[in-house]
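Enquirer: Before anything else, here's the structure in question.
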Amino acid sequence: MTDNTLFCWSDAFALGYPQMDATHQEFVATVNAMFTASDDDLRTALDAFAEHAQRHFAEEADWMTSTGFPAAGCHMDEHDAVLKSVAEVQGLFRDAHPDAVATARRLARELANWFPGHADYLDSALAQWMVKRIHGAVPLVFRRSATSAGQPAVPDERGHTQPEQLRAE
Ligand SMILES: [Fe+2]
Ligand SMILES: [Fe+2]
């Protein structure tokens, strides 16, 4: 049985550092594949996510270490916790554990819940750091999810005004 709940890319995830945004789109796609895979295909989807996650997190770790990014430790700790969980679920499949499929489905939901906060609080700081190093300015983010025409833009909980506007992080 498949879980048809979809995890979709949203402009709200865009952080303004193109390499990172491209990787994050791939993250969303590989997690979504775990939502939509049949039970028979779920192990393959999990392995594809594991491969993605290792590359994704290694890329960010490389950016952090090569540029002397401050406070990289807790960011990498979160990555390590994800990789550990993924490896545990891969182990269930290897052992033909009866809970492997259900656990992988749960992992997909947890990844979808985890990602927005991680991107917002940790990856966004790294994106700003990288863009600032490259361009000497913070990133500008275009977002499509708009307020109605003529309505005033309302600041969100982070104090950012919504869309149809340039947002300077
Ligand atoms: Fe990331
Ligand atoms: Fe990250």
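Naming works like this for the structure tokens: A, B, ... for the chains as they're shown, residue 1 at the start of each chain, ligands 1 onward in shown order.
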Against ligand 2, which residues of chain A fall within 9 Å? For each one I want the closest pair of atoms and the distance in Å (one decimal), counting only C-alpha atoms and all ligand atoms, rows by chain and increasing residue number, as JSON lines.

Expert:
```
{"residue": "A:His56", "atom": "CA", "partner": "ligand 2", "partner_atom_place_in_ligand_line": "1 (Fe)", "distance": 7.8}
{"residue": "A:Phe57", "atom": "CA", "partner": "ligand 2", "partner_atom_place_in_ligand_line": "1 (Fe)", "distance": 6.2}
{"residue": "A:Glu60", "atom": "CA", "partner": "ligand 2", "partner_atom_place_in_ligand_line": "1 (Fe)", "distance": 6.2}
{"residue": "A:Ala61", "atom": "CA", "partner": "ligand 2", "partner_atom_place_in_ligand_line": "1 (Fe)", "distance": 8.2}
{"residue": "A:His75", "atom": "CA", "partner": "ligand 2", "partner_atom_place_in_ligand_line": "1 (Fe)", "distance": 6.1}
{"residue": "A:Met76", "atom": "CA", "partner": "ligand 2", "partner_atom_place_in_ligand_line": "1 (Fe)", "distance": 7.1}
{"residue": "A:Glu78", "atom": "CA", "partner": "ligand 2", "partner_atom_place_in_ligand_line": "1 (Fe)", "distance": 7.5}
{"residue": "A:His79", "atom": "CA", "partner": "ligand 2", "partner_atom_place_in_ligand_line": "1 (Fe)", "distance": 6.4}
{"residue": "A:Phe115", "atom": "CA", "partner": "ligand 2", "partner_atom_place_in_ligand_line": "1 (Fe)", "distance": 8.7}
{"residue": "A:His118", "atom": "CA", "partner": "ligand 2", "partner_atom_place_in_ligand_line": "1 (Fe)", "distance": 6.4}
{"residue": "A:Ala119", "atom": "CA", "partner": "ligand 2", "partner_atom_place_in_ligand_line": "1 (Fe)", "distance": 6.5}
{"residue": "A:Leu122", "atom": "CA", "partner": "ligand 2", "partner_atom_place_in_ligand_line": "1 (Fe)", "distance": 6.1}
{"residue": "A:Asp123", "atom": "CA", "partner": "ligand 2", "partner_atom_place_in_ligand_line": "1 (Fe)", "distance": 4.8}
{"residue": "A:Ser124", "atom": "CA", "partner": "ligand 2", "partner_atom_place_in_ligand_line": "1 (Fe)", "distance": 8.6}
{"residue": "A:Leu126", "atom": "CA", "partner": "ligand 2", "partner_atom_place_in_ligand_line": "1 (Fe)", "distance": 8.2}
```

Enquirer: Mind dumping the selected residues with N, CA and C atoms as a PDB file, in the first residue's frame?

Expert:
```
ATOM      1  N   HIS A  56      24.278  15.434  -0.050  1.00  0.00           N
ATOM      2  CA  HIS A  56      23.731  16.712   0.414  1.00  0.00           C
ATOM      3  C   HIS A  56      24.473  17.203   1.656  1.00  0.00           C
ATOM      4  N   PHE A  57      24.599  16.318   2.628  1.00  0.00           N
ATOM      5  CA  PHE A  57      25.195  16.744   3.893  1.00  0.00           C
ATOM      6  C   PHE A  57      26.712  16.912   3.763  1.00  0.00           C
ATOM      7  N   GLU A  60      27.257  20.365   2.271  1.00  0.00           N
ATOM      8  CA  GLU A  60      27.127  21.448   3.249  1.00  0.00           C
ATOM      9  C   GLU A  60      28.291  21.431   4.243  1.00  0.00           C
ATOM     10  N   ALA A  61      28.714  20.245   4.637  1.00  0.00           N
ATOM     11  CA  ALA A  61      29.852  20.160   5.568  1.00  0.00           C
ATOM     12  C   ALA A  61      31.098  20.743   4.922  1.00  0.00           C
ATOM     13  N   HIS A  75      24.837  22.010  13.386  1.00  0.00           N
ATOM     14  CA  HIS A  75      24.281  21.750  12.053  1.00  0.00           C
ATOM     15  C   HIS A  75      24.662  20.335  11.600  1.00  0.00           C
ATOM     16  N   MET A  76      25.937  20.006  11.766  1.00  0.00           N
ATOM     17  CA  MET A  76      26.375  18.674  11.331  1.00  0.00           C
ATOM     18  C   MET A  76      25.804  17.581  12.233  1.00  0.00           C
ATOM     19  N   GLU A  78      22.798  17.534  13.376  1.00  0.00           N
ATOM     20  CA  GLU A  78      21.461  17.214  12.829  1.00  0.00           C
ATOM     21  C   GLU A  78      21.585  16.308  11.610  1.00  0.00           C
ATOM     22  N   HIS A  79      22.550  16.628  10.741  1.00  0.00           N
ATOM     23  CA  HIS A  79      22.759  15.769   9.571  1.00  0.00           C
ATOM     24  C   HIS A  79      23.083  14.340  10.014  1.00  0.00           C
ATOM     25  N   PHE A 115      12.576  18.805   7.681  1.00  0.00           N
ATOM     26  CA  PHE A 115      13.284  19.646   6.721  1.00  0.00           C
ATOM     27  C   PHE A 115      12.961  21.149   6.832  1.00  0.00           C
ATOM     28  N   HIS A 118      14.889  22.731   9.716  1.00  0.00           N
ATOM     29  CA  HIS A 118      16.337  22.662   9.499  1.00  0.00           C
ATOM     30  C   HIS A 118      16.756  23.681   8.449  1.00  0.00           C
ATOM     31  N   ALA A 119      15.999  23.750   7.354  1.00  0.00           N
ATOM     32  CA  ALA A 119      16.336  24.697   6.274  1.00  0.00           C
ATOM     33  C   ALA A 119      16.219  26.128   6.772  1.00  0.00           C
ATOM     34  N   LEU A 122      19.015  26.496  10.106  1.00  0.00           N
ATOM     35  CA  LEU A 122      20.436  26.153   9.960  1.00  0.00           C
ATOM     36  C   LEU A 122      20.919  26.361   8.529  1.00  0.00           C
ATOM     37  N   ASP A 123      20.231  25.775   7.556  1.00  0.00           N
ATOM     38  CA  ASP A 123      20.690  25.942   6.174  1.00  0.00           C
ATOM     39  C   ASP A 123      20.607  27.407   5.735  1.00  0.00           C
ATOM     40  N   SER A 124      19.606  28.133   6.207  1.00  0.00           N
ATOM     41  CA  SER A 124      19.466  29.533   5.764  1.00  0.00           C
ATOM     42  C   SER A 124      20.665  30.360   6.226  1.00  0.00           C
ATOM     43  N   LEU A 126      23.686  29.231   6.626  1.00  0.00           N
ATOM     44  CA  LEU A 126      24.798  28.843   5.755  1.00  0.00           C
ATOM     45  C   LEU A 126      24.644  29.466   4.367  1.00  0.00           C
TER      46      LEU A 126
END
```

Enquirer: Apply DSSP to the backbone of this structure and, from segment 13-162 of chain A, keep only the residues in strand (DSSP E or B); write these as a list in words.

Expert: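 Filtering segment 13-162 of chain A down to strand (DSSP E or B) leaves Leu140, Val141, Phe142, Pro155 and Thr161 of chain A.
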
Enquirer: Please save C-alpha atoms of the selected residues as a PDB file, in the first residue's frame.

Expert:
```pdb
ATOM      1  CA  LEU A 140      17.618  37.913  -2.435  1.00  0.00           C
ATOM      2  CA  VAL A 141      14.831  35.365  -2.599  1.00  0.00           C
ATOM      3  CA  PHE A 142      11.958  35.478  -5.058  1.00  0.00           C
ATOM      4  CA  PRO A 155       5.134  40.183   7.730  1.00  0.00           C
ATOM      5  CA  THR A 161       7.049  40.377   4.153  1.00  0.00           C
TER       6      THR A 161
END
```

Enquirer: What's the separation between atom CA of Ala33 of chain A and atom CA of Ala112 of chain A, in Å to one decimal place?

Expert: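 Computing it gives 11.6 Å between the two atoms.
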
Enquirer: Please run DSSP on the backbone and report, as number ranges by chain, all residues within segment 93-135 of chain A that come out as alpha helix (DSSP H).

Expert: A: 93-94, 100-118, 124-135

Enquirer: Keeping only C-alpha atoms, write the selected residues to a file as a short mmCIF file (atom, residue, chain, number, x, y, z; two decimals), in the first residue's frame.

Expert:
```
data_model
loop_
_atom_site.label_atom_id
_atom_site.label_comp_id
_atom_site.auth_asym_id
_atom_site.auth_seq_id
_atom_site.Cartn_x
_atom_site.Cartn_y
_atom_site.Cartn_z
CA PHE A 93 15.34 -4.02 5.13
CA ARG A 94 18.62 -5.92 5.12
CA ALA A 100 10.79 -2.27 7.60
CA VAL A 101 8.15 -0.84 5.27
CA ALA A 102 6.12 0.85 8.01
CA THR A 103 9.27 2.29 9.56
CA ALA A 104 10.47 3.64 6.22
CA ARG A 105 7.07 5.30 5.70
CA ARG A 106 7.38 6.86 9.14
CA LEU A 107 10.91 8.01 8.37
CA ALA A 108 9.65 9.75 5.22
CA ARG A 109 7.04 11.63 7.24
CA GLU A 110 9.64 12.58 9.85
CA LEU A 111 12.01 13.84 7.16
CA ALA A 112 9.24 15.97 5.66
CA ASN A 113 8.52 17.40 9.11
CA TRP A 114 12.19 17.93 9.92
CA PHE A 115 13.28 19.65 6.72
CA PRO A 116 11.45 23.02 6.92
CA GLY A 117 12.84 23.83 10.36
CA HIS A 118 16.34 22.66 9.50
CA SER A 124 19.47 29.53 5.76
CA ALA A 125 22.35 30.81 7.91
CA LEU A 126 24.80 28.84 5.75
CA ALA A 127 23.16 30.10 2.53
CA GLN A 128 23.51 33.69 3.72
CA TRP A 129 27.11 33.06 4.71
CA MET A 130 28.00 31.56 1.33
CA VAL A 131 26.26 34.23 -0.73
CA LYS A 132 27.85 36.93 1.36
CA ARG A 133 31.28 35.43 0.77
CA ILE A 134 30.72 35.17 -2.96
CA HIS A 135 28.83 38.39 -3.66
#
```

Enquirer: What does the distance from atom CA of Arg143 of chain A to atom CA of Gly16 of chain A come to in Å, to one decimal?

Expert: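 According to the coordinates, atom CA of Arg143 of chain A and atom CA of Gly16 of chain A are separated by 10.2 Å.
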
Enquirer: Let me make sure I understand: among A:Leu15, A:Ala87, A:Leu6, A:Met20, which one has the smallest atom-to-atom distance to ligand 1 if we use only C-alpha atoms and all ligand atoms?

Expert: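 Using only C-alpha atoms and all ligand atoms, ligand 1 sits closest to A:Met20.
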
Enquirer: Hey, which of A:Asp120, A:Lys84, A:Asp11, A:Ala37 ends up closest to ligand 1? Count only C-alpha atoms and all ligand atoms.

Expert: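 Nearest to ligand 1: A:Asp120.
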
Enquirer: Given the choices A:Asp21, A:Asp95, A:Phe7, A:Gly73, which gets closest to Met34 of chain A if the distance is worked out from only C-alpha atoms?

Expert: A:Phe7
